[in-house]
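What follows is protein.txt (compact mmCIF, C-alpha atoms).
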# COMPACT_ATOMS: atom_id res chain seq x y z
CA MET A 1033 15.75 -40.43 -30.34
CA SER A 1034 15.21 -38.91 -33.77
CA PRO A 1035 17.58 -36.17 -34.97
CA ALA A 1036 16.54 -32.59 -34.32
CA LYS A 1037 14.69 -30.91 -37.13
CA PRO A 1038 15.85 -27.57 -38.50
CA ALA A 1039 14.21 -24.64 -36.77
CA THR A 1040 11.23 -23.33 -38.68
CA GLY A 1041 8.50 -20.76 -38.16
CA HIS A 1042 8.33 -19.40 -34.62
CA ASP A 1043 11.44 -21.29 -33.47
CA ALA A 1044 13.54 -19.90 -36.30
CA ARG A 1045 12.34 -16.37 -35.55
CA SER A 1046 13.12 -16.92 -31.87
CA VAL A 1047 16.69 -18.00 -32.65
CA SER A 1048 17.09 -15.05 -34.99
CA THR A 1049 15.72 -12.69 -32.36
CA ARG A 1050 18.08 -14.02 -29.70
CA ILE A 1051 21.03 -13.56 -32.04
CA ARG A 1052 19.99 -9.98 -32.80
CA HIS A 1053 19.57 -9.27 -29.09
CA ALA A 1054 23.01 -10.67 -28.30
CA LEU A 1055 24.61 -8.58 -31.05
CA TRP A 1056 22.75 -5.47 -29.86
CA ARG A 1057 23.86 -5.99 -26.25
CA HIS A 1058 27.45 -6.50 -27.38
CA ALA A 1059 27.35 -3.27 -29.40
CA LYS A 1060 25.72 -1.45 -26.48
CA ALA A 1061 28.48 -2.57 -24.09
CA TRP A 1062 31.15 -1.54 -26.60
CA ARG A 1063 29.62 1.94 -27.00
CA GLN A 1064 29.38 2.34 -23.22
CA ARG A 1065 33.04 1.44 -22.76
CA LEU A 1066 33.97 3.85 -25.52
CA HIS A 1067 31.99 6.69 -23.92
CA PRO A 1068 31.68 5.83 -20.20
CA ARG A 1069 29.42 7.88 -17.93
CA PRO A 1070 29.24 7.82 -14.11
CA VAL A 1071 26.29 6.11 -12.44
CA THR A 1072 23.50 8.54 -11.56
CA GLN A 1073 20.80 5.99 -10.66
CA HIS A 1074 20.74 2.55 -9.02
CA VAL A 1075 17.75 0.33 -9.78
CA PHE A 1076 16.76 -2.79 -7.85
CA VAL A 1077 14.44 -5.26 -9.57
CA ALA A 1078 12.59 -7.17 -6.87
CA GLY A 1079 9.78 -9.67 -6.44
CA MET A 1080 9.03 -13.33 -5.92
CA GLN A 1081 10.84 -15.84 -8.14
CA ARG A 1082 8.82 -16.85 -11.24
CA SER A 1083 7.02 -13.51 -11.28
CA GLY A 1084 8.44 -12.02 -14.47
CA THR A 1085 11.56 -10.27 -13.20
CA ASN A 1086 13.61 -11.63 -16.13
CA LEU A 1087 11.18 -10.01 -18.56
CA LEU A 1088 11.49 -6.70 -16.75
CA MET A 1089 15.28 -6.98 -16.80
CA ASP A 1090 15.11 -7.43 -20.59
CA VAL A 1091 12.90 -4.34 -20.80
CA LEU A 1092 15.50 -2.34 -18.85
CA ASP A 1093 18.41 -3.83 -20.79
CA ALA A 1094 16.82 -2.42 -23.96
CA SER A 1095 17.82 1.08 -22.87
CA VAL A 1096 21.20 2.37 -24.02
CA ALA A 1097 21.61 3.97 -20.57
CA THR A 1098 21.64 0.78 -18.47
CA GLN A 1099 23.99 -1.93 -17.36
CA VAL A 1100 22.09 -4.90 -15.88
CA PHE A 1101 23.22 -7.61 -13.49
CA HIS A 1102 21.16 -10.80 -13.31
CA GLU A 1103 21.28 -13.12 -10.30
CA THR A 1104 23.26 -15.59 -12.43
CA ASP A 1105 26.12 -13.09 -12.88
CA PRO A 1106 29.04 -14.27 -10.68
CA ARG A 1107 30.45 -10.76 -10.50
CA ALA A 1108 27.48 -9.62 -8.42
CA PHE A 1109 25.99 -12.85 -7.03
CA GLU A 1110 26.96 -16.06 -5.34
CA ARG A 1111 24.38 -18.85 -5.49
CA TYR A 1112 21.73 -16.29 -6.51
CA GLU A 1113 22.35 -14.05 -3.48
CA MET A 1114 23.76 -10.57 -3.90
CA ARG A 1115 27.38 -10.18 -2.85
CA GLU A 1116 28.47 -7.81 -0.08
CA PRO A 1117 27.65 -4.10 -0.58
CA ALA A 1118 31.36 -3.31 -1.00
CA VAL A 1119 31.49 -5.63 -4.04
CA ILE A 1120 28.35 -4.11 -5.54
CA ARG A 1121 29.75 -0.64 -4.87
CA GLN A 1122 32.86 -1.47 -6.89
CA LEU A 1123 30.75 -2.79 -9.75
CA ALA A 1124 28.69 0.40 -9.74
CA LEU A 1125 31.82 2.58 -9.65
CA ALA A 1126 33.24 0.64 -12.60
CA SER A 1127 30.01 0.73 -14.59
CA PRO A 1128 30.26 2.69 -17.85
CA ALA A 1129 26.46 3.24 -17.90
CA PRO A 1130 24.58 5.93 -15.96
CA VAL A 1131 21.86 3.53 -14.75
CA PHE A 1132 23.03 0.50 -12.73
CA VAL A 1133 20.35 -2.24 -12.64
CA ILE A 1134 20.56 -5.29 -10.39
CA LYS A 1135 18.23 -8.11 -9.34
CA ALA A 1136 17.23 -8.26 -5.67
CA LEU A 1137 15.09 -11.38 -5.27
CA CYS A 1138 16.72 -12.87 -2.18
CA GLU A 1139 17.17 -9.39 -0.71
CA LEU A 1140 13.54 -8.25 -0.47
CA ASP A 1141 13.84 -7.52 3.25
CA GLN A 1142 16.99 -5.47 2.64
CA LEU A 1143 15.60 -3.07 0.05
CA PRO A 1144 15.25 -0.05 2.38
CA HIS A 1145 18.89 -0.52 3.44
CA LEU A 1146 20.07 -1.07 -0.14
CA MET A 1147 18.32 2.06 -1.39
CA ALA A 1148 19.86 4.06 1.48
CA THR A 1149 23.31 2.63 0.74
CA PHE A 1150 23.22 3.11 -3.04
CA ARG A 1151 21.80 6.57 -3.48
CA PRO A 1152 20.08 7.70 -5.57
CA ALA A 1153 18.12 4.50 -5.98
CA LYS A 1154 14.72 3.20 -7.03
CA THR A 1155 13.04 -0.20 -6.83
CA LEU A 1156 10.69 -1.98 -9.21
CA TRP A 1157 8.75 -4.75 -7.44
CA VAL A 1158 7.13 -7.23 -9.85
CA VAL A 1159 3.85 -8.83 -8.76
CA ARG A 1160 2.36 -11.73 -10.68
CA ASP A 1161 -0.99 -13.38 -9.95
CA TRP A 1162 -0.19 -16.05 -7.38
CA ARG A 1163 -1.88 -18.80 -9.38
CA ASP A 1164 0.34 -18.40 -12.43
CA SER A 1165 3.38 -17.83 -10.23
CA VAL A 1166 2.72 -21.06 -8.33
CA ASN A 1167 2.14 -23.09 -11.49
CA SER A 1168 5.44 -21.81 -12.86
CA ALA A 1169 7.30 -22.34 -9.57
CA ILE A 1170 6.35 -25.99 -9.13
CA ARG A 1171 7.60 -26.72 -12.65
CA SER A 1172 10.98 -25.17 -11.82
CA PHE A 1173 11.59 -25.78 -8.11
CA GLY A 1174 10.64 -28.09 -5.25
CA ASN A 1175 10.97 -28.62 -1.51
CA PHE A 1176 8.33 -25.99 -0.72
CA VAL A 1177 6.62 -27.89 2.09
CA PRO A 1178 9.80 -28.71 4.07
CA GLN A 1179 10.82 -25.06 3.73
CA TRP A 1180 7.39 -24.04 5.03
CA GLN A 1181 7.80 -26.28 8.08
CA ARG A 1182 11.31 -25.01 8.77
CA LEU A 1183 10.26 -21.37 8.61
CA ALA A 1184 7.12 -21.92 10.68
CA HIS A 1185 9.35 -23.24 13.47
CA GLY A 1186 11.46 -20.09 13.49
CA ASP A 1187 14.43 -20.93 11.28
CA THR A 1188 16.06 -17.73 9.96
CA SER A 1189 19.26 -19.32 8.67
CA ASP A 1190 18.80 -18.19 5.07
CA TRP A 1191 17.15 -15.50 2.96
CA ARG A 1192 13.71 -17.14 3.02
CA GLY A 1193 13.20 -16.45 6.71
CA ARG A 1194 15.23 -13.28 7.00
CA GLY A 1195 13.15 -10.22 7.83
CA MET A 1196 9.94 -12.21 8.28
CA SER A 1197 7.55 -10.62 10.79
CA PRO A 1198 6.31 -12.53 13.85
CA ALA A 1199 2.75 -12.22 12.50
CA THR A 1200 3.70 -13.91 9.23
CA ARG A 1201 5.57 -16.65 11.06
CA GLU A 1202 2.51 -17.30 13.23
CA LEU A 1203 0.38 -17.59 10.11
CA LEU A 1204 2.79 -20.11 8.62
CA MET A 1205 2.62 -22.17 11.81
CA ALA A 1206 -1.17 -22.03 11.99
CA LEU A 1207 -1.63 -23.09 8.35
CA TYR A 1208 1.12 -25.70 8.11
CA ARG A 1209 0.05 -29.26 7.30
CA PRO A 1210 2.61 -32.05 6.78
CA ASP A 1211 0.45 -33.47 3.97
CA ALA A 1212 0.22 -30.13 2.12
CA SER A 1213 0.92 -30.23 -1.62
CA GLU A 1214 3.98 -28.63 -3.17
CA ALA A 1215 1.62 -26.22 -4.91
CA GLU A 1216 0.28 -25.09 -1.55
CA GLY A 1217 3.82 -24.71 -0.26
CA ALA A 1218 4.66 -22.55 -3.29
CA ALA A 1219 1.55 -20.45 -2.65
CA ILE A 1220 2.65 -19.90 0.95
CA MET A 1221 6.05 -18.81 -0.32
CA TRP A 1222 4.38 -16.36 -2.74
CA PHE A 1223 2.55 -14.96 0.27
CA TYR A 1224 5.41 -14.58 2.73
CA ARG A 1225 7.83 -13.15 0.19
CA ASN A 1226 5.37 -10.58 -1.19
CA ALA A 1227 4.14 -9.70 2.31
CA LEU A 1228 7.56 -8.14 2.91
CA PHE A 1229 6.53 -5.30 0.60
CA PHE A 1230 4.03 -4.07 3.17
CA GLU A 1231 5.91 -5.19 6.27
CA HIS A 1232 8.85 -2.99 5.29
CA GLN A 1233 6.66 0.03 4.45
CA LEU A 1234 7.56 0.03 0.77
CA ALA A 1235 3.97 0.87 -0.19
CA THR A 1236 4.47 4.48 0.92
CA ASP A 1237 8.02 4.90 -0.41
CA PRO A 1238 8.03 7.16 -3.51
CA ARG A 1239 11.22 5.44 -4.71
CA VAL A 1240 9.33 2.15 -5.14
CA ARG A 1241 6.92 1.19 -7.89
CA VAL A 1242 4.93 -2.01 -8.30
CA VAL A 1243 4.86 -3.51 -11.79
CA PHE A 1244 2.07 -6.00 -12.38
CA TYR A 1245 3.26 -8.77 -14.66
CA GLU A 1246 -0.17 -9.16 -16.26
CA ALA A 1247 -0.35 -5.46 -17.12
CA LEU A 1248 3.17 -5.58 -18.58
CA VAL A 1249 2.43 -8.44 -20.95
CA GLN A 1250 -1.12 -7.40 -21.84
CA ASN A 1251 -0.41 -3.71 -22.45
CA PRO A 1252 3.34 -3.56 -23.02
CA MET A 1253 3.52 -0.22 -24.85
CA ARG A 1254 1.85 1.61 -21.96
CA GLU A 1255 3.64 -0.28 -19.18
CA VAL A 1256 7.15 -0.11 -20.64
CA ALA A 1257 6.66 3.63 -21.17
CA ALA A 1258 5.51 3.98 -17.52
CA VAL A 1259 8.57 2.11 -16.24
CA TYR A 1260 10.94 4.20 -18.35
CA ASP A 1261 9.23 7.37 -17.17
CA PHE A 1262 9.49 6.34 -13.48
CA LEU A 1263 13.21 5.66 -13.86
CA GLU A 1264 13.74 8.66 -16.15
CA LEU A 1265 15.29 6.36 -18.71
CA PRO A 1266 15.93 7.85 -22.15
CA GLY A 1267 14.92 6.21 -25.39
CA PHE A 1268 11.65 4.38 -24.74
CA ASN A 1269 12.06 1.13 -26.63
CA ALA A 1270 8.91 0.39 -28.61
CA ALA A 1271 10.63 -2.58 -30.25
CA ILE A 1272 11.07 -4.48 -26.99
CA ALA A 1273 7.50 -3.66 -26.00
CA GLY A 1274 6.27 -5.05 -29.28
CA ARG A 1275 7.92 -8.42 -28.63
CA ILE A 1276 6.15 -9.01 -25.30
CA HIS A 1277 3.21 -11.43 -25.43
CA ALA A 1278 0.45 -12.42 -23.01
CA ARG A 1279 0.48 -16.20 -23.53
CA SER A 1280 1.70 -16.80 -19.96
CA VAL A 1281 -1.37 -15.19 -18.35
CA ARG A 1282 -3.74 -18.07 -17.58
CA HIS A 1283 -4.94 -17.68 -13.97
CA ARG A 1284 -5.44 -21.43 -13.72
CA SER A 1285 -5.90 -22.49 -10.11
CA PRO A 1286 -3.08 -24.79 -9.00
CA PRO A 1287 -4.10 -28.21 -7.64
CA ASP A 1288 -4.64 -28.99 -3.97
CA ILE A 1289 -4.65 -25.52 -2.43
CA SER A 1290 -6.63 -25.21 0.80
CA PRO A 1291 -9.35 -22.53 1.00
CA ALA A 1292 -7.44 -20.80 3.82
CA VAL A 1293 -4.25 -20.42 1.74
CA THR A 1294 -6.25 -19.38 -1.32
CA ALA A 1295 -7.97 -16.66 0.71
CA LEU A 1296 -4.64 -15.51 2.15
CA CYS A 1297 -3.05 -15.10 -1.28
CA ASP A 1298 -6.16 -13.50 -2.80
CA GLU A 1299 -6.26 -10.97 0.02
CA LEU A 1300 -2.62 -9.98 -0.45
CA LEU A 1301 -3.05 -9.69 -4.23
CA THR A 1302 -6.09 -7.47 -3.67
CA ARG A 1303 -4.01 -5.31 -1.34
CA PHE A 1304 -1.44 -4.80 -4.08
CA LYS A 1305 -4.12 -3.91 -6.61
CA ALA A 1306 -5.57 -1.33 -4.22
CA LEU A 1307 -2.32 0.66 -4.11
CA PRO A 1308 -2.55 4.27 -5.35
CA LEU A 1309 -1.82 4.67 -9.03
CA ARG A 1310 1.40 6.58 -8.29
CA SER A 1311 2.78 3.39 -6.69
CA ARG A 1312 2.03 0.98 -9.50
CA SER A 1313 1.91 0.48 -13.23
Same coordinates, now as structure tokens:
Amino acid sequence: MSPAKPATGHDARSVSTRIRHALWRHAKAWRQRLHPRPVTQHVFVAGMQRSGTNLLMDVLDASVATQVFHETDPRAFERYEMREPAVIRQLALASPAPVFVIKALCELDQLPHLMATFRPAKTLWVVRDWRDSVNSAIRSFGNFVPQWQRLAHGDTSDWRGRGMSPATRELLMALYRPDASEAEGAAIMWFYRNALFFEHQLATDPRVRVVFYEALVQNPMREVAAVYDFLELPGFNAAIAGRIHARSVRHRSPPDISPAVTALCDELLTRFKALPLRSRS
């Protein structure tokens, strides 16, 4: 293997940007500890994995008023699942920032309870076109088809099956094929995780807003401003909006997806896009 070349061009700028971000976050945390303020808003960032929730967390972290907790933070998560409410409550009470932001990917079915427990609270649910989400998911994860089979047969032993409606489970059973591709299994997961949004009546909850990943990366100035306005966050950050790019929007159909699963995912995506403007950005 040849030795690594010095970073140049885009790579060098990326390293420089990451260093600046790290320094800015460190300074932000220091200022918050110096002038702590009690939490006045809890924010849950939700959605299917590989849908752009990390990007949205970066957008929220750019505000001087937030403290953010990613699913990799051992203080708030164990193996990507949120710790008990009592632990999260202590983190919120100890937070020096007025807006407490936390990922809730494995907890989609629990969002109504979480918002009732941590009041006042709001939720941002990120939706990404299922094709790009699936293509990203199969590069990062696996085992989608065995999980599909397990859930179709009624297993509720972990977060994937928790809160799933009988109607969704029947669909999984009807569509399951042992020779299905991993891409099709990932598409099914995109469906059953995002279906929870409607199954738990979040579409009519004024505390919940859908953020479309494609809109965020294609029109970041407008979308970041809309998110900040919804959360009543001070200091709209035009700099972070200016760094967002749309290179990840491709809409390339994944391989080996049956027409039935394609139609199922398209229908759910259409349902999201038909939401009233007050519910989405």
Please put the answer as JSON: centre and edge lengths, in Å with one decimal, of a box along x, y and z that encloses all listed atoms of range 1186-1189 of chain A plus 8 Å on each side.
{"center_x": 15.4, "center_y": -19.3, "center_z": 11.1, "size_x": 23.8, "size_y": 19.2, "size_z": 20.8}
Query raised in the report: Which of these, A:Ile1120, A:Ala1129, A:Ile1220, A:Ala1215, has the shortest distance to Leu1265 in chain A once you count all atoms listed in the file?
Result: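 Using all atoms listed in the file, the shortest distance to Leu1265 in chain A belongs to A:Ala1129.
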Query raised in the report: Within 12 Å of (2.1, -17.9, -13.0), only C-alpha atoms: residues as a PyMOL selection string?
Result: chain A and resi 1080-1084+1159-1172+1215+1218-1219+1222+1244-1246+1278-1286
Export of the given selection (C-alpha atoms) as a PDB file, in the coordinates of the input:
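Listing of out20.pdb after writing:
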ATOM      1  CA  MET A1080       9.030 -13.330  -5.920  1.00  0.00           C
ATOM      2  CA  GLN A1081      10.840 -15.840  -8.140  1.00  0.00           C
ATOM      3  CA  ARG A1082       8.820 -16.850 -11.240  1.00  0.00           C
ATOM      4  CA  SER A1083       7.020 -13.510 -11.280  1.00  0.00           C
ATOM      5  CA  GLY A1084       8.440 -12.020 -14.470  1.00  0.00           C
ATOM      6  CA  VAL A1159       3.850  -8.830  -8.760  1.00  0.00           C
ATOM      7  CA  ARG A1160       2.360 -11.730 -10.680  1.00  0.00           C
ATOM      8  CA  ASP A1161      -0.990 -13.380  -9.950  1.00  0.00           C
ATOM      9  CA  TRP A1162      -0.190 -16.050  -7.380  1.00  0.00           C
ATOM     10  CA  ARG A1163      -1.880 -18.800  -9.380  1.00  0.00           C
ATOM     11  CA  ASP A1164       0.340 -18.400 -12.430  1.00  0.00           C
ATOM     12  CA  SER A1165       3.380 -17.830 -10.230  1.00  0.00           C
ATOM     13  CA  VAL A1166       2.720 -21.060  -8.330  1.00  0.00           C
ATOM     14  CA  ASN A1167       2.140 -23.090 -11.490  1.00  0.00           C
ATOM     15  CA  SER A1168       5.440 -21.810 -12.860  1.00  0.00           C
ATOM     16  CA  ALA A1169       7.300 -22.340  -9.570  1.00  0.00           C
ATOM     17  CA  ILE A1170       6.350 -25.990  -9.130  1.00  0.00           C
ATOM     18  CA  ARG A1171       7.600 -26.720 -12.650  1.00  0.00           C
ATOM     19  CA  SER A1172      10.980 -25.170 -11.820  1.00  0.00           C
ATOM     20  CA  ALA A1215       1.620 -26.220  -4.910  1.00  0.00           C
ATOM     21  CA  ALA A1218       4.660 -22.550  -3.290  1.00  0.00           C
ATOM     22  CA  ALA A1219       1.550 -20.450  -2.650  1.00  0.00           C
ATOM     23  CA  TRP A1222       4.380 -16.360  -2.740  1.00  0.00           C
ATOM     24  CA  PHE A1244       2.070  -6.000 -12.380  1.00  0.00           C
ATOM     25  CA  TYR A1245       3.260  -8.770 -14.660  1.00  0.00           C
ATOM     26  CA  GLU A1246      -0.170  -9.160 -16.260  1.00  0.00           C
ATOM     27  CA  ALA A1278       0.450 -12.420 -23.010  1.00  0.00           C
ATOM     28  CA  ARG A1279       0.480 -16.200 -23.530  1.00  0.00           C
ATOM     29  CA  SER A1280       1.700 -16.800 -19.960  1.00  0.00           C
ATOM     30  CA  VAL A1281      -1.370 -15.190 -18.350  1.00  0.00           C
ATOM     31  CA  ARG A1282      -3.740 -18.070 -17.580  1.00  0.00           C
ATOM     32  CA  HIS A1283      -4.940 -17.680 -13.970  1.00  0.00           C
ATOM     33  CA  ARG A1284      -5.440 -21.430 -13.720  1.00  0.00           C
ATOM     34  CA  SER A1285      -5.900 -22.490 -10.110  1.00  0.00           C
ATOM     35  CA  PRO A1286      -3.080 -24.790  -9.000  1.00  0.00           C
TER      36      PRO A1286
END
Query raised in the report: Taking into account all atoms listed in the file, which residue in the set A:Arg1107, A:Arg1241, A:Arg1209, A:Lys1060 is nearest to Val1177 in chain A?
Result: A:Arg1209
Requested in this report: Write out as a list in words which residues come within 10 Å of Glu1255 in chain A when counting only C-alpha atoms, dropping same-chain ones fewer than 2 positions away.
Outcome: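 The neighbour list is Val1243, Phe1244, Tyr1245, Ala1247, Leu1248, Val1249, Gln1250, Asn1251, Pro1252, Met1253, Ala1257, Ala1258, Val1259, Tyr1260, Asp1261, Ala1273, Arg1312 and Ser1313 of chain A.
Coordinates place CA of Thr1104 in chain A at a distance of 22.5 Å from CA of Gln1179 in chain A.
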Query raised in the report: Leaving out Glu1103 in chain A and any residue of its chain fewer than 6 positions from it, which residues lie within 9 Å of it when counting all atoms listed in the file, given as a ChimeraX atom specification?
Result: /A:1109-1114,1134-1137
Requested in this report: Grab the CA of Ala1153 in chain A to CA of Gln1073 in chain A distance for me, in Å with one decimal place.
Outcome: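 These two atoms are separated by 5.6 Å.
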Report task. One decimal, Å: what's the distance from CA of Val1242 in chain A over to CA of Leu1143 in chain A, could you say? Result ->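 For CA of Val1242 in chain A relative to CA of Leu1143 in chain A, the distance reads 13.6 Å.
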Requested in this report: Enumerate, as a list of chain:residue names, the protein, DNA and RNA residues whose atoms approach (36.9, 1.2, -12.8) to within 12 Å, taking into account all atoms listed in the file and the coordinate frame of the file.
Outcome: A:Arg1065, A:Pro1068, A:Arg1069, A:Pro1070, A:Val1071, A:Arg1121, A:Gln1122, A:Leu1123, A:Ala1124, A:Leu1125, A:Ala1126, A:Ser1127, A:Pro1128, A:Ala1129
Query raised in the report: Could you pull the residues within 12 Å of Gln1142 in chain A, counting only C-alpha atoms, minus those fewer than 3 positions along the same chain, as a list of chain:residue names?
Result: A:Phe1076, A:Ala1078, A:Glu1113, A:Met1114, A:Pro1117, A:Ala1136, A:Leu1137, A:Cys1138, A:Glu1139, A:His1145, A:Leu1146, A:Met1147, A:Ala1148, A:Thr1149, A:Thr1155, A:Trp1191, A:Arg1194, A:Gly1195, A:Met1196, A:Leu1228, A:Phe1229, A:Glu1231, A:His1232, A:Gln1233, A:Leu1234
Query raised in the report: With all atoms listed in the file as the basis for distance, which of A:Pro1308, A:Pro1178, A:Pro1130, A:Pro1152 is at the shortest distance from Pro1210 in chain A?
Result: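 Under the stated criterion, the closest residue is A:Pro1178.
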Report task. Between A:Asp1105, A:Asp1141, A:Glu1299, A:Asp1211, single out the one closest to Ser1197 in chain A, counting all atoms listed in the file. Result ->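 Residue with the minimum atom-to-atom distance to Ser1197 in chain A: A:Asp1141.
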